[in-house]
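**Student:** Got a structure here, written out as structure tokens. Questions coming.
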Amino acid sequence: GCIPIYHGPPLIFDIFNKNAFIFYNVSDPHEAHTKIQKLEADPGFYEKMSSAPILANGEESVKMYFSFSNTVGEGTLKHKIRSLLSAR
């Protein structure tokens, strides 16, 4: 029931949908503050943001970043890592 606030490297946008959380840039916090104020004042904006898909690219994000198990995304990430390690 909450909107996440994230502070860290912007590569997070490759994994997570930028419309599903607030990105807090300490060098320029104005955008994050504005979104927080809008979330408090506008229930429609809150609903839109809280119902946005979490992952940036759906199933492709699952395969690329979360598939350590064969039961998740056919183990794509696990197989990629194993392939890289065996190539050494």
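Each chain in the structure tokens gets a letter, A, B, ..., in the order shown, and its residues are numbered from 1; ligands are numbered from 1 in order too.
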For Phe68 in chain A, find every residue with an atom within 12 Å (counting only C-alpha atoms), except residues of its own chain fewer than 4 positions away, and show them as a PyMOL selection string.
**Tutor:** chain A and resi 62-64+72-82
**Student:** For the residues in that selection, give me C-alpha atoms as a CSV table (one decimal), in the first residue's frame.
**Tutor:**
```csv
chain,number,residue,atom,x,y,z
A,62,VAL,CA,12.4,-11.4,-14.8
A,63,LYS,CA,14.6,-13.4,-17.2
A,64,MET,CA,17.4,-10.9,-17.2
A,72,VAL,CA,11.8,-18.5,-12.8
A,73,GLY,CA,12.3,-17.3,-16.3
A,74,GLU,CA,13.6,-20.7,-17.3
A,75,GLY,CA,16.8,-20.1,-15.4
A,76,THR,CA,18.1,-17.6,-18.0
A,77,LEU,CA,20.3,-15.6,-15.6
A,78,LYS,CA,21.6,-18.8,-13.9
A,79,HIS,CA,22.6,-20.3,-17.3
A,80,LYS,CA,24.2,-17.0,-18.4
A,81,ILE,CA,26.3,-16.8,-15.3
A,82,ARG,CA,27.4,-20.5,-15.5
```
**Student:** Just list as a list in words whatever in chain A DSSP marks as strand (DSSP E or B).
**Tutor:**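 Here is the list: Ile5, Tyr6, Phe16, Ile22, Phe23 and Leu55 of chain A.
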**Student:** Pick out the closest residue to Ala32 in chain A from this set: A:Met49, A:Ile12, A:Ile5, A:Ala56. Count only C-alpha atoms.
**Tutor:**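 Between A:Met49, A:Ile12, A:Ile5, A:Ala56, the residue approaching Ala32 in chain A most closely is A:Ile5.
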**Student:** Looking at A:Leu11, A:Ala20, A:Ala87, A:Ile54, which one is nearest to Lys35 in chain A, with distances taken over only C-alpha atoms?
**Tutor:**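 Checking each of A:Leu11, A:Ala20, A:Ala87, A:Ile54 against Lys35 in chain A, counting only C-alpha atoms, the winner is A:Ala20.
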**Student:** Tell me which of A:Tyr46, A:Phe16, A:Phe21, A:Tyr65 sits closest to Pro4 in chain A, counting only C-alpha atoms.
**Tutor:**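 The answer is A:Phe21, which sits nearest to Pro4 in chain A.
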**Student:** Mind checking which residues fall within 9 Å of Asn25 in chain A, counting only C-alpha atoms, ignoring those fewer than 4 positions away in the same chain, and posting them as a list in words?
**Tutor:**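 Near neighbours after the sequence-gap exclusion: Tyr6, His7, Gly8, Pro29, His30, Glu31 and Ala32 of chain A.
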**Student:** Restricting the calculation to only C-alpha atoms, which member of A:Ala41, A:Val26, A:Leu84, A:Ile15 is positioned closest to Ser61 in chain A?
**Tutor:**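 The answer is A:Ile15, which sits nearest to Ser61 in chain A.
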